[in-house]
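Next up, structure21.txt (compact mmCIF, C-alpha atoms):
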```
# COMPACT_ATOMS: atom_id res chain seq x y z
CA MET A 1 19.72 71.38 6.26
CA ALA A 2 17.10 69.84 3.95
CA ASN A 3 13.59 70.87 3.16
CA PHE A 4 11.10 68.63 1.37
CA SER A 5 7.71 69.98 0.38
CA TRP A 6 6.40 66.86 -1.37
CA HIS A 7 3.38 66.21 0.88
CA THR A 8 0.30 68.30 0.26
CA ALA A 9 -1.32 68.00 3.69
CA PRO A 10 -0.20 67.91 7.36
CA ILE A 11 2.60 65.50 8.19
CA THR A 12 1.24 62.99 10.70
CA SER A 13 4.33 60.94 11.41
CA VAL A 14 8.06 60.93 10.72
CA GLU A 15 10.67 58.39 11.82
CA TRP A 16 14.33 57.70 11.07
CA HIS A 17 15.31 54.20 9.99
CA PRO A 18 16.68 52.36 13.06
CA THR A 19 20.04 51.50 11.52
CA ASP A 20 20.47 53.33 8.20
CA SER A 21 21.18 56.87 9.32
CA SER A 22 20.29 58.63 6.07
CA VAL A 23 16.85 57.05 5.62
CA PHE A 24 13.51 58.13 7.11
CA ALA A 25 9.80 57.49 6.58
CA ALA A 26 6.99 60.04 6.65
CA SER A 27 3.21 59.93 6.46
CA GLY A 28 0.69 62.65 5.73
CA SER A 29 -3.02 63.40 5.72
CA ASP A 30 -2.68 63.43 1.93
CA ASP A 31 -2.84 59.61 2.19
CA GLN A 32 0.80 59.17 1.18
CA LEU A 33 3.55 57.33 2.98
CA THR A 34 7.00 58.32 1.73
CA LEU A 35 10.46 56.82 2.20
CA TRP A 36 13.47 59.12 1.84
CA ASP A 37 17.25 58.71 1.61
CA LEU A 38 19.31 61.83 2.24
CA SER A 39 22.44 60.24 0.82
CA VAL A 40 21.01 60.22 -2.71
CA GLU A 41 22.46 63.14 -4.63
CA GLN A 42 20.85 65.04 -7.44
CA ASP A 43 22.24 63.69 -10.71
CA ASP A 44 22.07 66.39 -13.39
CA ASP A 45 22.66 63.87 -16.15
CA GLU A 46 19.52 61.95 -15.31
CA VAL A 47 16.61 61.96 -17.73
CA PRO A 48 13.81 64.11 -16.33
CA SER A 49 11.18 62.17 -14.46
CA SER A 50 8.34 60.72 -16.49
CA ALA A 51 5.87 61.24 -13.66
CA PHE A 52 2.92 63.52 -14.20
CA ASP A 53 0.38 65.00 -11.84
CA ALA A 54 -3.41 64.87 -12.24
CA ASP A 55 -3.39 67.90 -14.55
CA GLY A 56 -0.80 66.41 -16.85
CA LYS A 57 2.06 68.65 -15.70
CA PRO A 58 5.41 66.96 -15.15
CA LEU A 59 6.07 66.22 -11.48
CA VAL A 60 9.33 67.27 -9.96
CA VAL A 61 10.34 64.24 -7.97
CA PRO A 62 13.14 64.89 -5.47
CA SER A 63 15.99 62.44 -5.97
CA GLN A 64 15.94 61.64 -2.26
CA LEU A 65 12.38 60.33 -2.49
CA LEU A 66 12.81 56.55 -2.73
CA PHE A 67 9.27 55.29 -2.52
CA VAL A 68 5.67 56.36 -2.15
CA HIS A 69 3.17 53.96 -0.61
CA GLN A 70 -0.49 54.65 -1.20
CA GLY A 71 -3.80 52.90 -0.71
CA GLN A 72 -4.61 53.91 2.84
CA LYS A 73 -6.83 56.76 3.88
CA ASP A 74 -5.55 59.34 6.39
CA VAL A 75 -2.32 57.67 7.44
CA LYS A 76 -1.72 58.49 11.10
CA GLU A 77 1.51 56.79 12.10
CA VAL A 78 4.40 55.08 10.41
CA HIS A 79 7.08 53.05 12.19
CA TRP A 80 10.06 50.96 11.20
CA HIS A 81 10.28 47.55 12.81
CA PRO A 82 13.20 47.88 15.23
CA GLN A 83 14.59 44.44 14.44
CA ILE A 84 13.42 43.31 10.98
CA PRO A 85 15.41 45.46 8.51
CA GLY A 86 13.31 47.54 6.16
CA MET A 87 9.92 46.46 7.52
CA VAL A 88 7.46 49.34 7.84
CA ILE A 89 4.08 49.45 9.54
CA SER A 90 1.51 52.15 9.00
CA THR A 91 -1.85 52.79 10.57
CA ALA A 92 -4.67 54.73 8.97
CA SER A 93 -8.40 55.27 9.35
CA ASP A 94 -9.17 52.02 7.56
CA SER A 95 -6.29 49.61 8.12
CA PHE A 96 -2.82 48.60 9.20
CA ASN A 97 -0.31 47.97 6.43
CA VAL A 98 2.86 46.01 7.06
CA PHE A 99 5.32 46.00 4.19
CA LYS A 100 8.94 46.01 3.14
CA THR A 101 10.23 47.64 -0.01
CA ILE A 102 13.68 49.16 0.12
CA SER A 103 16.63 46.92 0.64
CA CYS A 104 17.98 48.23 3.94
CA MET B 1 13.09 37.71 19.20
CA GLY B 2 16.43 39.15 18.25
CA THR B 3 17.77 41.81 15.94
CA ASP B 4 18.48 41.74 12.22
CA ARG B 5 15.90 39.13 11.40
CA SER B 6 15.76 38.69 7.68
CA THR B 7 14.38 35.26 6.84
CA TYR B 8 10.73 34.62 6.10
CA PRO B 9 8.12 33.98 7.37
CA GLN B 10 8.35 36.78 9.94
CA THR B 11 6.55 37.57 13.18
CA ALA B 12 5.90 41.09 14.46
CA TRP B 13 4.21 42.41 17.58
CA ILE B 14 2.30 45.66 17.90
CA VAL B 15 0.32 47.55 20.52
CA ALA B 16 -2.39 49.92 19.37
CA GLY B 17 -5.02 52.10 20.98
CA THR B 18 -8.52 52.78 19.74
CA GLN B 19 -10.41 56.02 19.22
CA ALA B 20 -13.79 54.45 19.00
CA GLY B 21 -16.01 57.49 19.01
CA GLU B 22 -19.75 57.17 19.21
CA ILE B 23 -22.03 54.34 18.17
CA PRO B 24 -25.14 55.92 16.58
CA GLY B 25 -28.03 55.50 19.00
CA GLN B 26 -25.89 53.88 21.68
CA GLY B 27 -23.55 56.55 22.92
CA LYS B 28 -19.83 56.31 23.38
CA ALA B 29 -18.11 53.13 22.22
CA LYS B 30 -15.64 51.42 24.52
CA ASP B 31 -11.99 52.10 23.83
CA GLU B 32 -9.24 49.54 24.19
CA VAL B 33 -5.53 48.86 24.13
CA VAL B 34 -4.94 46.08 21.59
CA ILE B 35 -1.93 43.78 21.69
CA MET B 36 -1.43 42.05 18.36
CA ARG B 37 0.76 39.26 17.08
CA LEU B 38 1.22 39.25 13.33
CA GLY B 39 2.54 35.91 12.16
CA GLY B 40 3.35 34.22 8.91
CA LEU B 41 4.44 37.42 7.20
CA SER B 42 5.85 36.44 3.82
CA LYS B 43 6.86 37.99 0.56
CA THR B 44 4.01 38.91 -1.73
CA GLN B 45 3.69 36.17 -4.31
CA HIS B 46 3.58 37.15 -7.96
CA ASN B 47 1.19 35.25 -10.19
CA ASP B 48 2.70 36.20 -13.55
CA ASN B 49 5.04 33.86 -15.42
CA ASP B 50 8.03 36.13 -15.63
CA SER B 51 10.88 34.04 -16.95
CA ASP B 52 13.34 36.88 -16.37
CA ASP B 53 12.96 36.51 -12.64
CA GLU B 54 15.92 34.39 -11.62
CA ASP B 55 14.85 34.34 -8.02
CA GLU B 56 11.61 32.52 -8.55
CA ASP B 57 12.99 29.00 -8.27
CA ASP B 58 14.99 29.69 -5.16
CA ASP B 59 12.32 31.62 -3.39
CA ASP B 60 9.87 29.17 -1.93
CA GLU B 61 10.11 30.44 1.61
CA GLY B 62 6.75 30.91 3.25
CA GLU B 63 4.83 30.15 0.08
CA ASP B 64 2.11 28.10 1.69
CA GLU B 65 1.65 29.99 4.91
CA ASP B 66 -1.06 32.58 5.28
CA ALA B 67 -0.50 35.57 7.48
CA THR B 68 -2.10 35.32 10.91
CA LEU B 69 -3.34 37.91 13.35
CA ASP B 70 -3.98 37.12 17.00
CA PHE B 71 -4.84 39.74 19.55
CA LEU B 72 -5.95 40.49 23.09
CA THR B 73 -7.49 43.70 24.41
CA ILE B 74 -7.48 45.73 27.60
CA PRO B 75 -10.34 48.16 28.31
CA HIS B 76 -9.23 51.79 28.25
CA VAL B 77 -11.09 54.77 29.65
CA GLY B 78 -11.21 57.42 26.95
CA ALA B 79 -9.84 57.45 23.43
CA VAL B 80 -6.15 56.67 23.13
CA ASN B 81 -4.46 59.79 21.82
CA ARG B 82 -1.06 58.17 21.73
CA ILE B 83 0.41 54.80 22.72
CA ARG B 84 4.08 54.04 23.12
CA ALA B 85 5.86 50.84 24.13
CA ARG B 86 8.96 51.17 26.26
CA THR B 87 11.94 49.85 24.37
CA LEU B 88 15.00 49.36 26.48
CA PRO B 89 18.20 49.17 24.43
CA ASN B 90 20.60 46.39 25.28
CA GLU B 91 17.93 44.51 27.12
CA GLY B 92 16.52 41.35 25.53
CA GLN B 93 13.04 40.92 26.93
CA PRO B 94 11.96 43.48 29.50
CA ASP B 95 9.72 42.08 32.24
CA PRO B 96 7.40 43.84 32.99
CA TYR B 97 6.89 45.26 29.48
CA HIS B 98 5.65 48.82 29.94
CA VAL B 99 3.30 50.58 27.54
CA ALA B 100 2.07 54.12 28.11
CA THR B 101 -1.17 55.63 26.80
CA PHE B 102 -2.29 59.25 26.85
CA SER B 103 -6.04 59.29 27.21
CA GLU B 104 -8.38 62.02 26.04
CA THR B 105 -9.37 62.26 29.71
CA GLY B 106 -5.98 63.83 30.46
CA LYS B 107 -4.68 60.79 32.31
CA VAL B 108 -1.55 58.92 31.27
CA HIS B 109 -1.74 55.20 32.04
CA ILE B 110 1.17 52.79 32.24
CA TRP B 111 0.35 49.15 31.50
CA ASP B 112 2.29 45.91 31.73
CA VAL B 113 1.61 43.93 28.56
CA ARG B 114 4.03 41.09 29.34
CA PRO B 115 1.24 38.67 30.44
CA TYR B 116 -0.63 39.46 27.20
CA ILE B 117 2.41 38.77 25.04
CA ASP B 118 3.00 35.51 26.91
CA THR B 119 -0.60 34.40 26.35
CA LEU B 120 -0.40 35.13 22.63
CA SER B 121 2.91 33.26 22.39
CA GLY B 122 1.62 30.06 23.93
CA PRO B 123 -0.18 28.65 26.95
CA SER B 124 0.39 30.93 29.91
CA SER B 125 -1.02 31.02 33.38
CA LYS B 126 0.10 34.55 34.14
CA PRO B 127 -2.84 36.63 35.33
CA ARG B 128 -3.61 39.49 32.98
CA GLN B 129 -4.35 42.77 34.74
CA LYS B 130 -7.11 44.85 33.25
CA VAL B 131 -6.08 47.93 35.19
CA PRO B 132 -2.97 50.06 34.65
CA LEU B 133 0.14 49.56 36.79
CA HIS B 134 0.22 53.30 37.34
CA THR B 135 -1.67 56.44 36.33
CA ILE B 136 -0.17 59.91 35.96
CA SER B 137 -2.67 62.63 36.85
CA ASN B 138 -0.38 65.65 36.67
CA HIS B 139 -1.86 66.86 33.38
CA GLY B 140 -5.22 67.30 35.09
CA ARG B 141 -8.02 67.51 32.57
CA ASN B 142 -5.68 68.52 29.76
CA GLU B 143 -5.31 65.83 27.16
CA GLY B 144 -2.10 65.41 25.25
CA TYR B 145 -0.54 63.69 22.28
CA ALA B 146 3.12 63.56 23.18
CA VAL B 147 4.46 60.43 24.87
CA GLU B 148 8.06 59.24 24.74
CA TRP B 149 9.97 56.63 26.73
CA GLY B 150 13.70 56.98 27.28
CA GLN B 151 16.41 55.67 29.56
CA THR B 152 15.84 58.51 32.01
CA GLY B 153 12.08 58.11 32.08
CA LEU B 154 8.76 58.84 30.43
CA LEU B 155 8.07 62.29 28.96
CA THR B 156 4.48 63.39 28.41
CA GLY B 157 3.32 66.65 26.83
CA ASP B 158 -0.17 68.16 26.76
CA ILE B 159 -2.30 70.73 24.98
CA ALA B 160 -1.73 73.19 27.84
CA ASN B 161 1.92 73.42 26.75
CA LYS B 162 3.28 71.45 29.71
CA ILE B 163 5.80 68.61 29.72
CA TYR B 164 6.12 66.23 32.69
CA LEU B 165 8.88 63.73 33.40
CA THR B 166 8.11 60.44 35.14
CA THR B 167 11.01 58.30 36.30
CA VAL B 168 10.94 54.56 36.87
CA THR B 169 12.60 53.19 39.99
CA PRO B 170 12.41 49.80 41.70
CA ALA B 171 10.00 51.49 44.12
CA GLY B 172 7.66 52.49 41.30
CA PHE B 173 6.88 55.49 39.14
CA HIS B 174 7.53 59.07 40.23
CA THR B 175 6.39 62.17 38.35
CA SER B 176 8.18 65.45 39.03
CA PRO B 177 5.53 67.87 40.25
CA ASN B 178 6.98 70.80 38.29
CA PRO B 179 6.48 70.74 34.52
CA TYR B 180 8.87 71.86 31.81
CA LEU B 181 7.21 74.93 30.41
CA SER B 182 8.36 77.17 27.56
CA HIS B 183 6.09 76.41 24.65
CA THR B 184 3.29 78.88 24.00
CA SER B 185 0.96 76.32 22.51
CA SER B 186 0.18 72.60 22.56
CA VAL B 187 3.10 70.17 22.79
CA GLU B 188 2.71 67.75 19.89
CA ASP B 189 5.70 65.44 20.06
CA LEU B 190 8.71 64.62 22.26
CA GLN B 191 12.01 62.86 21.54
CA TRP B 192 14.87 61.96 23.87
CA SER B 193 18.41 62.56 22.64
CA PRO B 194 20.00 59.27 21.54
CA SER B 195 23.34 60.27 23.05
CA GLU B 196 22.68 62.46 26.12
CA ASN B 197 20.20 61.10 28.60
CA THR B 198 19.35 64.46 30.18
CA VAL B 199 18.46 66.09 26.84
CA PHE B 200 15.19 65.96 24.91
CA ALA B 201 13.49 67.79 22.03
CA SER B 202 9.88 68.89 21.63
CA ALA B 203 7.60 69.97 18.78
CA SER B 204 4.72 72.36 19.29
CA ALA B 205 1.73 74.06 17.70
CA ASP B 206 3.62 77.28 18.44
CA ARG B 207 5.68 76.36 15.32
CA THR B 208 8.91 75.84 17.25
CA VAL B 209 11.14 72.87 17.90
CA ARG B 210 12.90 73.20 21.24
CA VAL B 211 15.76 71.40 22.93
CA TRP B 212 15.76 70.96 26.70
CA ASP B 213 18.10 69.72 29.39
CA ILE B 214 16.37 68.30 32.47
CA ARG B 215 19.13 69.76 34.62
CA ALA B 216 18.46 73.34 33.49
CA LYS B 217 17.24 75.59 36.28
CA GLY B 218 13.71 76.87 35.88
CA ARG B 219 12.75 74.02 33.57
CA LYS B 220 12.91 76.19 30.49
CA SER B 221 14.06 75.17 27.04
CA VAL B 222 17.71 75.70 26.18
CA VAL B 223 17.29 76.26 22.42
CA SER B 224 14.24 77.29 20.37
CA VAL B 225 13.95 77.28 16.57
CA GLU B 226 11.10 78.57 14.42
CA ALA B 227 10.85 75.36 12.48
CA HIS B 228 7.75 75.49 10.29
CA ASP B 229 5.19 77.92 8.87
CA GLN B 230 2.47 76.14 10.85
CA ASP B 231 2.19 73.70 13.78
CA VAL B 232 5.08 71.29 14.12
CA ASN B 233 3.38 67.91 14.43
CA VAL B 234 6.16 65.37 14.67
CA ILE B 235 9.90 65.02 15.21
CA SER B 236 12.32 62.13 15.11
CA TRP B 237 15.87 62.17 16.51
CA ASN B 238 18.37 60.10 14.50
CA LYS B 239 19.70 57.26 16.69
CA SER B 240 23.12 56.96 15.07
CA VAL B 241 23.87 60.53 13.94
CA GLU B 242 23.06 62.43 17.11
CA TYR B 243 22.90 65.90 15.56
CA LEU B 244 20.20 65.03 12.98
CA LEU B 245 16.57 65.75 13.74
CA VAL B 246 13.71 65.53 11.25
CA SER B 247 10.45 67.46 11.72
CA GLY B 248 7.08 67.48 9.96
CA GLY B 249 4.61 70.36 9.94
CA ASP B 250 0.95 71.08 9.33
CA GLU B 251 1.84 72.76 6.03
CA GLY B 252 3.11 69.40 4.71
CA GLY B 253 6.79 70.28 4.91
CA ILE B 254 9.50 67.89 6.13
CA LYS B 255 12.73 69.46 7.34
CA VAL B 256 16.00 67.88 8.41
CA TRP B 257 17.97 69.84 11.01
CA ASP B 258 21.64 69.80 11.96
CA LEU B 259 21.47 70.55 15.68
CA ARG B 260 25.09 71.71 15.71
CA MET B 261 23.78 74.80 13.94
CA PHE B 262 21.36 75.59 16.76
CA LYS B 263 22.66 78.38 18.96
CA GLU B 264 23.33 77.39 22.56
```
Encoded form using structure tokens:
Amino acid sequence: MANFSWHTAPITSVEWHPTDSSVFAASGSDDQLTLWDLSVEQDDDEVPSSAFDADGKPLVVPSQLLFVHQGQKDVKEVHWHPQIPGMVISTASDSFNVFKTISC
Amino acid sequence: MGTDRSTYPQTAWIVAGTQAGEIPGQGKAKDEVVIMRLGGLSKTQHNDNDSDDEDEDDDDEGEDEDATLDFLTIPHVGAVNRIRARTLPNEGQPDPYHVATFSETGKVHIWDVRPYIDTLSGPSSKPRQKVPLHTISNHGRNEGYAVEWGQTGLLTGDIANKIYLTTVTPAGFHTSPNPYLSHTSSVEDLQWSPSENTVFASASADRTVRVWDIRAKGRKSVVSVEAHDQDVNVISWNKSVEYLLVSGGDEGGIKVWDLRMFKE
């Protein structure tokens, strides 16, 4: 139904948001934690993304990708807090991160 | 502590397991189950003087409180491959509070962390057990990474492709002696259906995602889908839209599945 190949290393964890049924979080061995919303549709009128990769080539950012959290090494698990809306916890080789970004 | 908590400062509880490895010159380090209370969680404060930010004046919640971390530990034999707390829907505060760990030794231990939570919450005289309530030995020496609690019971999956179901009754824990076996490689993750309590899904290094019904004769999977180009590491079953499953693979791909498309 949907196929996202954003991460560049094995996916280590994936979890749906407890109450918002179109949102999920994912973590990978590429040290990224991503938040996705399936209900976001591709808007053809949008200005192309101004993100670039390390080689200077423009990055194609899927419109469903809401947020990328970085700073941890080798993220192993990501979970939504079951009761505090939007709160995410992640565990990695060096730390726990507890944060809240998106508004649901 | 209730659902839909949205005021700051916040408190969150977590259980974690260690994979301590070796201490150079000393041999194997001791592993533990860690119960943590994170308190005083507040919004990150910005130090810039941004006059466009209308919210600044109103937002003085939790400004002066630093985040706190309190914890207690339970010794654990072997590295913790996976730890899962049992969440019971519609039940406020389960007592005992069960947590399952899959050890690298092949054993699955079930702990009651209620006395630990009580101690971290305030003065408590409840004795804290340092041994598990129950240990599942059905996996033998085969370690595993898949652990999932559900209304029907606890599912555990190992690297020898087997899945065992352990039910919880007032009399105690009972593991069915016969495993669910259809995968041709290590079982990596398990998820109960949010809507049907005899149905569960599994992810495996054999690149398939399978759906099972515990009532099926022969304990074989009912549906099998070649999901990824490499090992399927993780799956999550959407709690509110019961036909949506998301999977993640070793190749880095994330796929969302509509289970209504899976052939029966």
Note to self: What does the structure give for the distance between atom CA of B:Arg260 and atom CA of B:Arg86, in Å to one decimal?
What the structure shows: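 Interatomic distance here is 28.2 Å.
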Checklist line | One-decimal distance in Å that lies between atom CA of B:Gly106 and atom CA of B:Asp31 | finding: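 Result for atom CA of B:Asp31 versus atom CA of B:Gly106: 14.8 Å, one decimal.
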Note to self: With 6 Å as the limit and counting all atoms listed in the file, what residues in chain B lie close to chain A? Please list them as JSON, numbers by chain.
What the structure shows: {"B": [3, 4, 5, 234, 236, 238, 248, 249, 250, 251, 252, 253, 254, 255, 256, 257]}
Please produce a file of the residues just selected, as a PDB file, in the frame of the given file, where the atoms kept are C-alpha atoms.
```
ATOM      1  CA  THR B   3      17.770  41.810  15.940  1.00  0.00           C
ATOM      2  CA  ASP B   4      18.480  41.740  12.220  1.00  0.00           C
ATOM      3  CA  ARG B   5      15.900  39.130  11.400  1.00  0.00           C
ATOM      4  CA  VAL B 234       6.160  65.370  14.670  1.00  0.00           C
ATOM      5  CA  SER B 236      12.320  62.130  15.110  1.00  0.00           C
ATOM      6  CA  ASN B 238      18.370  60.100  14.500  1.00  0.00           C
ATOM      7  CA  GLY B 248       7.080  67.480   9.960  1.00  0.00           C
ATOM      8  CA  GLY B 249       4.610  70.360   9.940  1.00  0.00           C
ATOM      9  CA  ASP B 250       0.950  71.080   9.330  1.00  0.00           C
ATOM     10  CA  GLU B 251       1.840  72.760   6.030  1.00  0.00           C
ATOM     11  CA  GLY B 252       3.110  69.400   4.710  1.00  0.00           C
ATOM     12  CA  GLY B 253       6.790  70.280   4.910  1.00  0.00           C
ATOM     13  CA  ILE B 254       9.500  67.890   6.130  1.00  0.00           C
ATOM     14  CA  LYS B 255      12.730  69.460   7.340  1.00  0.00           C
ATOM     15  CA  VAL B 256      16.000  67.880   8.410  1.00  0.00           C
ATOM     16  CA  TRP B 257      17.970  69.840  11.010  1.00  0.00           C
TER      17      TRP B 257
END
```
Next item on the list: Please indicate the distance in Å from atom CA of B:Pro24 to atom CA of A:Asp74, rounded to one decimal place.
Entry: 22.3 Å
Item checked: Selection near A:Ala92, 7 Å with all atoms listed in the file, sequence-local residues under 5 positions removed, as a PyMOL selection string -> chain A and resi 72-76
Checklist line | Which residue of A:Asp55, A:Ser93, A:His69, A:Pro62 approaches A:Gln32 most closely, using only C-alpha atoms | finding: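 Residue with the minimum atom-to-atom distance to A:Gln32: A:His69.
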Note to self: Please list as a PyMOL selection string every residue within 6 Å of B:Ile110, counting all atoms listed in the file and excluding residues in the same chain fewer than 6 positions away.
What the structure shows: chain B and resi 99-100+132-134
